[in-house]
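Trainee: Encoded as structure tokens, here's the structure I'll be asking about.
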Amino acid sequence: MRFESLTSQLRNEFNESKLPSLQYSNLLGTRGAADIDFKAIADALDCHRDFYGAGIIYSDGLYKRYLVRPSKRRGSQVSSELTHIIIFNLDSGVAPEVELKKTVSEPSLMLEIGSTALSCGGAVLSVLGGLGSGAAIPFTGGGSTAGVILAYSGFTATAVQCINGGYRVYQLTANGNEGVEHIAWLDSQNWYVTTTTILDITSLASGSAALKEAYQTYKIMKATSPRKASEWLKSMPRHERKRLTEEIMRHNNPGISNQVIKRAIEQGKYIKRYPTEEIQKTLRKHLKDSLIAGSGFVGSGMTGSIRNPDNILKSGNYIIGTIYSIAYEESIIY
């Protein structure tokens, strides 16, 4: 069965919004499916987890299709998931163009390309930003060990997503039907879905932390400078830089008094005012991190966990099942 035939049937001839209802058609005199107990079929499907809520489409073998039951399942753009059962009447004397047993979601090439471009762009931007950055001003108290680990984990996850996305796009564009079938096979493997879900969640967690830090920096700058945010990347007056330095000290040391601030500056624990270059460099870093985080959320909305939240539950069940099976095997050995 050729993939083109499958997708053309799904796109053009098995679209729920374009199919007449079998119930209404029977009321108008259509009797082609009078001997089929569709209710029994629907009940049988709903008794199985993998078929629960699947839509039912009936083809009378004469190139007429009817919607028996709409689907409660929505196919993913990146995974192969059953959404409908198509029943063919093979006794009509005319064989259908394509014998289908179930429908699958066709990976959207444009979404794949878009998501891959965002991942690769984020990875490249992270590398370029890391090479060109020096010591940043600790607007929010500096990076903790956990924060640094999360940031590097996010970069690694984004880089792996870029490689994986490139591989998927290559398979979908260069290997024809075999490539499409290979991607469909990958999307049906629990280990692959779990791996990509973990990568996506890691990227989102790192992006969330970066956005939080950028927002805290924005609040500090807003409390310090009355100018517009677009003007912060330009030179700052001496008095604003002094106020900014003190505001950072207050943010990182809640409840600190003006006398303690003055004493800390005199003792050299804090600088009197940060240089304009360091302020601009730090603001550009937060802007870059925000762009990377935003691209991660958009990419996830296109092909990741935001678009397919069910993958999180599936991945969790797979991880728990794997841990349980390993522990059970070890208990048997001992």
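All residue names refer to the structure tokens as shown: chains lettered A, B, ... in order, residues numbered from 1 in each chain, ligands numbered from 1 in order.
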List as a list in words the protein and nucleic acid residues near A:Val260, meaning an atom at most 12 Å away when only C-alpha atoms are counted, but skip any in the same chain fewer than 3 places from it.

Mentor: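 Result of the neighbour search: Glu246, Met249, Arg250, Asn253, Pro254, Gly255, Ile256, Ser257, Arg263, Ala264, Ile265, Glu266, Gln267, Lys269 and Tyr270 of chain A.
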
Trainee: Restrict the selected residues to all heavy atoms and save them as a compact mmCIF listing (two decimals), in the first residue's frame.

Mentor:
# COMPACT_ATOMS: atom_id res chain seq x y z
N GLU A 246 22.69 49.79 43.49
CA GLU A 246 22.07 49.67 44.81
C GLU A 246 20.80 48.83 44.76
O GLU A 246 20.51 48.07 45.70
CB GLU A 246 21.76 51.08 45.34
CG GLU A 246 22.99 51.91 45.61
CD GLU A 246 22.65 53.32 46.06
OE1 GLU A 246 21.44 53.66 46.04
OE2 GLU A 246 23.57 54.08 46.43
N MET A 249 21.75 45.24 44.80
CA MET A 249 22.14 44.85 46.15
C MET A 249 20.91 44.59 47.01
O MET A 249 20.86 43.62 47.78
CB MET A 249 23.02 45.93 46.77
CG MET A 249 24.38 46.09 46.09
SD MET A 249 25.32 47.51 46.72
CE MET A 249 25.54 47.02 48.43
N ARG A 250 19.89 45.46 46.89
CA ARG A 250 18.68 45.28 47.68
C ARG A 250 17.93 44.02 47.26
O ARG A 250 17.35 43.31 48.10
CB ARG A 250 17.77 46.50 47.53
CG ARG A 250 18.31 47.77 48.19
CD ARG A 250 17.24 48.86 48.21
NE ARG A 250 17.73 50.06 48.86
CZ ARG A 250 18.33 51.07 48.21
NH1 ARG A 250 18.47 51.01 46.89
NH2 ARG A 250 18.75 52.12 48.87
N ASN A 253 19.81 41.04 48.57
CA ASN A 253 19.90 41.03 50.04
C ASN A 253 18.65 41.69 50.61
O ASN A 253 18.69 42.87 51.02
CB ASN A 253 21.15 41.76 50.52
CG ASN A 253 22.44 41.18 49.95
OD1 ASN A 253 22.99 40.23 50.49
ND2 ASN A 253 22.92 41.76 48.85
N PRO A 254 17.53 41.00 50.64
CA PRO A 254 16.27 41.60 51.11
C PRO A 254 16.41 42.16 52.52
O PRO A 254 17.00 41.53 53.41
CB PRO A 254 15.28 40.41 51.07
CG PRO A 254 15.88 39.45 50.08
CD PRO A 254 17.36 39.59 50.22
N GLY A 255 15.89 43.37 52.71
CA GLY A 255 15.92 43.99 54.04
C GLY A 255 17.19 44.75 54.35
O GLY A 255 17.31 45.31 55.45
N ILE A 256 18.12 44.80 53.41
CA ILE A 256 19.38 45.51 53.67
C ILE A 256 19.12 47.01 53.75
O ILE A 256 18.30 47.56 53.01
CB ILE A 256 20.41 45.18 52.55
CG1 ILE A 256 21.79 45.71 52.94
CG2 ILE A 256 19.96 45.75 51.22
CD1 ILE A 256 22.89 45.28 51.98
N SER A 257 19.80 47.69 54.68
CA SER A 257 19.60 49.13 54.88
C SER A 257 20.58 49.93 54.03
O SER A 257 21.57 49.40 53.52
CB SER A 257 19.78 49.48 56.35
OG SER A 257 21.13 49.22 56.76
N ARG A 263 28.34 50.88 53.65
CA ARG A 263 29.49 50.25 54.29
C ARG A 263 30.08 49.17 53.39
O ARG A 263 31.30 49.01 53.29
CB ARG A 263 29.09 49.68 55.64
CG ARG A 263 30.28 49.23 56.47
CD ARG A 263 29.85 48.67 57.81
NE ARG A 263 28.95 49.59 58.50
CZ ARG A 263 27.70 49.32 58.81
NH1 ARG A 263 27.17 48.14 58.44
NH2 ARG A 263 26.96 50.20 59.46
N ALA A 264 29.18 48.40 52.72
CA ALA A 264 29.66 47.33 51.85
C ALA A 264 30.43 47.89 50.66
O ALA A 264 31.44 47.32 50.23
CB ALA A 264 28.48 46.49 51.37
N ILE A 265 29.98 49.01 50.13
CA ILE A 265 30.68 49.64 49.01
C ILE A 265 32.04 50.17 49.47
O ILE A 265 33.05 50.03 48.77
CB ILE A 265 29.82 50.77 48.41
CG1 ILE A 265 28.57 50.19 47.76
CG2 ILE A 265 30.62 51.57 47.38
CD1 ILE A 265 27.61 51.24 47.22
N GLU A 266 32.08 50.79 50.67
CA GLU A 266 33.35 51.32 51.19
C GLU A 266 34.34 50.21 51.46
O GLU A 266 35.55 50.39 51.27
CB GLU A 266 33.08 52.11 52.48
CG GLU A 266 32.30 53.40 52.25
CD GLU A 266 31.96 54.10 53.56
OE1 GLU A 266 32.16 53.47 54.63
OE2 GLU A 266 31.48 55.26 53.51
N GLN A 267 33.86 49.05 51.87
CA GLN A 267 34.74 47.92 52.16
C GLN A 267 35.13 47.16 50.89
O GLN A 267 35.93 46.22 50.96
CB GLN A 267 34.08 46.96 53.15
CG GLN A 267 33.86 47.58 54.53
CD GLN A 267 33.07 46.66 55.45
OE1 GLN A 267 32.60 45.60 55.04
NE2 GLN A 267 32.95 47.06 56.72
N LYS A 269 33.16 45.31 49.02
CA LYS A 269 32.37 44.10 48.76
C LYS A 269 31.50 44.27 47.52
O LYS A 269 31.15 43.28 46.86
CB LYS A 269 31.50 43.78 49.98
CG LYS A 269 32.30 43.39 51.21
CD LYS A 269 31.37 43.06 52.38
CE LYS A 269 32.17 42.68 53.62
NZ LYS A 269 31.28 42.35 54.77
N TYR A 270 31.08 45.48 47.24
CA TYR A 270 30.28 45.78 46.06
C TYR A 270 30.91 46.96 45.33
O TYR A 270 31.51 47.84 45.94
CB TYR A 270 28.83 46.11 46.42
CG TYR A 270 28.01 44.92 46.83
CD1 TYR A 270 27.90 44.57 48.17
CD2 TYR A 270 27.35 44.15 45.88
CE1 TYR A 270 27.15 43.48 48.56
CE2 TYR A 270 26.60 43.06 46.27
CZ TYR A 270 26.50 42.72 47.60
OH TYR A 270 25.77 41.64 47.98

Trainee: So that I can check the surroundings of A:Ala123, please list as a ChimeraX atom specification every protein, DNA and RNA residue that reaches within 7 Å of it, counting only C-alpha atoms and ignoring chain neighbours fewer than 3 positions away.

Mentor: /A:119-120,126-127,155,158-159

Trainee: So how far away is atom CA of A:Asn252 from atom CA of A:Leu291, in Å?

Mentor: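 The value is 25.1 Å.
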
Trainee: Report as an MDAnalysis selection string all protein, DNA and RNA residues lying within 9 Å of A:Ile113, evaluated on only C-alpha atoms, omitting residues in the same chain fewer than 6 positions from it.

Mentor: chainID A and resid 165:166 168:169

Trainee: Please write the residues from the selection above to a file, keeping N, CA and C atoms, as a JSON list (two decimals), in the first residue's frame.

Mentor:
[["chain", "number", "residue", "atom", "x", "y", "z"],
["A", 165, "GLY", "N", 15.66, 16.65, 14.69],
["A", 165, "GLY", "CA", 14.80, 17.29, 13.71],
["A", 165, "GLY", "C", 15.39, 17.25, 12.32],
["A", 166, "GLY", "N", 16.71, 17.48, 12.22],
["A", 166, "GLY", "CA", 17.36, 17.40, 10.93],
["A", 166, "GLY", "C", 17.26, 16.01, 10.32],
["A", 168, "ARG", "N", 14.86, 13.82, 10.92],
["A", 168, "ARG", "CA", 13.48, 13.59, 10.52],
["A", 168, "ARG", "C", 13.17, 14.29, 9.18],
["A", 169, "VAL", "N", 13.61, 15.54, 9.07],
["A", 169, "VAL", "CA", 13.37, 16.27, 7.83],
["A", 169, "VAL", "C", 14.07, 15.58, 6.65]]

Trainee: If you measure from atom CA of A:Ser188 to atom CA of A:Ala293, what distance in Å do you get, rounded to one decimal?

Mentor: 28.3 Å

Trainee: From the options A:Gln23, A:Thr196, A:Asn175, A:Ser206, which residue's atoms come nearest to A:Gly296, counting only C-alpha atoms?

Mentor: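 Looking at the shortest contact to A:Gly296, the residue is A:Ser206.
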
Trainee: Could you check which of A:Gly122, A:Pro237, A:Gly316, A:Gly179 is closest to A:Val298, using only C-alpha atoms?

Mentor: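 Comparing A:Gly122, A:Pro237, A:Gly316, A:Gly179 against A:Val298, the winner is A:Gly122.
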
Trainee: Kindly give the distance, in Å, that separates atom CA of A:Ile292 and atom CA of A:Gly121, rounded to a single decimal.

Mentor: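 Computing the Euclidean distance for atom CA of A:Ile292 and atom CA of A:Gly121 yields 8.0 Å.
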
Trainee: Would you please extract all helix (DSSP H, G or I) residues from stretch 51-300 of chain A, as assigned by DSSP on the backbone, and give them as a PyMOL selection string?

Mentor: chain A and resi 90-92+109-132+145-174+176-187+190-224+229-231+238-252+258-266+276-300

Trainee: Would you please work out which residue, of A:Thr282, A:Ser203, A:Thr83, A:Thr195, is nearest to A:Ser300 when using only C-alpha atoms?

Mentor: A:Ser203

Trainee: Considering only C-alpha atoms, return as a list in words whatever protein or nucleic-acid residues lie within 8 Å of A:Tyr58, sequence-local ones (same chain, fewer than 5 positions apart) excluded.

Mentor: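 The neighbour list is Leu22, Arg65, Tyr66, Leu67, Val68, Ile86, Ile87, Phe88 and Asn89 of chain A.
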
Trainee: Residues at most 8 Å from A:Ala54, counting only C-alpha atoms, excluding those fewer than 4 positions away in the same chain, as a list in words?

Mentor: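 Skipping anything fewer than 4 positions along the chain leaves Leu45, Asp46, Pro70, Ser71, Lys72, Arg73, Leu82, Thr83, His84 and Ile85 of chain A.
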
Trainee: Export, as a PDB file, in the first residue's frame, the selected residues with all heavy atoms.

Mentor:
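Dumped everything to out-v4.pdb:
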ATOM      1  N   LEU A  45     -14.924  -1.385  20.247  1.00  0.00           N
ATOM      2  CA  LEU A  45     -13.758  -0.510  20.154  1.00  0.00           C
ATOM      3  C   LEU A  45     -13.497   0.197  21.479  1.00  0.00           C
ATOM      4  O   LEU A  45     -12.349   0.311  21.933  1.00  0.00           O
ATOM      5  CB  LEU A  45     -13.963   0.530  19.051  1.00  0.00           C
ATOM      6  CG  LEU A  45     -13.975   0.030  17.604  1.00  0.00           C
ATOM      7  CD1 LEU A  45     -14.310   1.182  16.665  1.00  0.00           C
ATOM      8  CD2 LEU A  45     -12.634  -0.576  17.230  1.00  0.00           C
ATOM      9  N   ASP A  46     -14.567   0.678  22.121  1.00  0.00           N
ATOM     10  CA  ASP A  46     -14.414   1.436  23.359  1.00  0.00           C
ATOM     11  C   ASP A  46     -13.976   0.571  24.530  1.00  0.00           C
ATOM     12  O   ASP A  46     -13.614   1.101  25.588  1.00  0.00           O
ATOM     13  CB  ASP A  46     -15.729   2.146  23.700  1.00  0.00           C
ATOM     14  CG  ASP A  46     -16.052   3.259  22.715  1.00  0.00           C
ATOM     15  OD1 ASP A  46     -15.121   3.700  22.018  1.00  0.00           O
ATOM     16  OD2 ASP A  46     -17.223   3.665  22.631  1.00  0.00           O
ATOM     17  N   PRO A  70     -18.177  10.242  14.829  1.00  0.00           N
ATOM     18  CA  PRO A  70     -17.007  11.129  14.799  1.00  0.00           C
ATOM     19  C   PRO A  70     -15.960  10.675  15.804  1.00  0.00           C
ATOM     20  O   PRO A  70     -16.268  10.036  16.815  1.00  0.00           O
ATOM     21  CB  PRO A  70     -17.581  12.500  15.166  1.00  0.00           C
ATOM     22  CG  PRO A  70     -18.820  12.187  15.941  1.00  0.00           C
ATOM     23  CD  PRO A  70     -19.380  10.918  15.343  1.00  0.00           C
ATOM     24  N   SER A  71     -14.722  11.005  15.525  1.00  0.00           N
ATOM     25  CA  SER A  71     -13.625  10.590  16.387  1.00  0.00           C
ATOM     26  C   SER A  71     -13.465  11.524  17.568  1.00  0.00           C
ATOM     27  O   SER A  71     -13.591  12.743  17.442  1.00  0.00           O
ATOM     28  CB  SER A  71     -12.322  10.537  15.581  1.00  0.00           C
ATOM     29  OG  SER A  71     -11.236  10.221  16.432  1.00  0.00           O
ATOM     30  N   LYS A  72     -13.184  10.956  18.732  1.00  0.00           N
ATOM     31  CA  LYS A  72     -12.848  11.730  19.920  1.00  0.00           C
ATOM     32  C   LYS A  72     -11.337  11.849  20.081  1.00  0.00           C
ATOM     33  O   LYS A  72     -10.859  12.470  21.017  1.00  0.00           O
ATOM     34  CB  LYS A  72     -13.431  11.073  21.171  1.00  0.00           C
ATOM     35  CG  LYS A  72     -14.949  11.026  21.185  1.00  0.00           C
ATOM     36  CD  LYS A  72     -15.446  10.355  22.449  1.00  0.00           C
ATOM     37  CE  LYS A  72     -16.973  10.280  22.484  1.00  0.00           C
ATOM     38  NZ  LYS A  72     -17.464   9.603  23.703  1.00  0.00           N
ATOM     39  N   ARG A  73     -10.609  11.218  19.173  1.00  0.00           N
ATOM     40  CA  ARG A  73      -9.146  11.234  19.224  1.00  0.00           C
ATOM     41  C   ARG A  73      -8.630  12.182  18.151  1.00  0.00           C
ATOM     42  O   ARG A  73      -9.137  12.221  17.051  1.00  0.00           O
ATOM     43  CB  ARG A  73      -8.585   9.827  19.006  1.00  0.00           C
ATOM     44  CG  ARG A  73      -9.164   8.807  19.970  1.00  0.00           C
ATOM     45  CD  ARG A  73      -8.946   7.395  19.468  1.00  0.00           C
ATOM     46  NE  ARG A  73      -7.553   7.014  19.484  1.00  0.00           N
ATOM     47  CZ  ARG A  73      -6.960   6.329  20.447  1.00  0.00           C
ATOM     48  NH1 ARG A  73      -7.670   5.942  21.489  1.00  0.00           N
ATOM     49  NH2 ARG A  73      -5.694   6.003  20.383  1.00  0.00           N
ATOM     50  N   LEU A  82      -3.870   5.971  15.923  1.00  0.00           N
ATOM     51  CA  LEU A  82      -5.145   5.594  15.337  1.00  0.00           C
ATOM     52  C   LEU A  82      -6.213   6.607  15.718  1.00  0.00           C
ATOM     53  O   LEU A  82      -6.373   6.949  16.885  1.00  0.00           O
ATOM     54  CB  LEU A  82      -5.532   4.200  15.818  1.00  0.00           C
ATOM     55  CG  LEU A  82      -6.822   3.630  15.233  1.00  0.00           C
ATOM     56  CD1 LEU A  82      -6.658   2.154  14.983  1.00  0.00           C
ATOM     57  CD2 LEU A  82      -8.010   3.865  16.158  1.00  0.00           C
ATOM     58  N   THR A  83      -6.923   7.105  14.722  1.00  0.00           N
ATOM     59  CA  THR A  83      -8.004   8.056  14.984  1.00  0.00           C
ATOM     60  C   THR A  83      -9.340   7.576  14.442  1.00  0.00           C
ATOM     61  O   THR A  83     -10.386   7.971  14.940  1.00  0.00           O
ATOM     62  CB  THR A  83      -7.689   9.421  14.344  1.00  0.00           C
ATOM     63  OG1 THR A  83      -7.504   9.242  12.928  1.00  0.00           O
ATOM     64  CG2 THR A  83      -6.424  10.022  14.941  1.00  0.00           C
ATOM     65  N   HIS A  84      -9.338   6.737  13.408  1.00  0.00           N
ATOM     66  CA  HIS A  84     -10.573   6.246  12.806  1.00  0.00           C
ATOM     67  C   HIS A  84     -10.431   4.779  12.409  1.00  0.00           C
ATOM     68  O   HIS A  84      -9.331   4.303  12.134  1.00  0.00           O
ATOM     69  CB  HIS A  84     -10.939   7.038  11.540  1.00  0.00           C
ATOM     70  CG  HIS A  84     -11.300   8.469  11.783  1.00  0.00           C
ATOM     71  ND1 HIS A  84     -10.351   9.455  11.987  1.00  0.00           N
ATOM     72  CD2 HIS A  84     -12.516   9.091  11.834  1.00  0.00           C
ATOM     73  CE1 HIS A  84     -10.954  10.610  12.169  1.00  0.00           C
ATOM     74  NE2 HIS A  84     -12.264  10.431  12.074  1.00  0.00           N
ATOM     75  N   ILE A  85     -11.553   4.110  12.400  1.00  0.00           N
ATOM     76  CA  ILE A  85     -11.659   2.781  11.805  1.00  0.00           C
ATOM     77  C   ILE A  85     -12.515   2.927  10.553  1.00  0.00           C
ATOM     78  O   ILE A  85     -13.596   3.515  10.600  1.00  0.00           O
ATOM     79  CB  ILE A  85     -12.316   1.774  12.773  1.00  0.00           C
ATOM     80  CG1 ILE A  85     -11.423   1.569  13.998  1.00  0.00           C
ATOM     81  CG2 ILE A  85     -12.581   0.446  12.079  1.00  0.00           C
ATOM     82  CD1 ILE A  85     -10.095   0.898  13.690  1.00  0.00           C
TER      83      ILE A  85
END
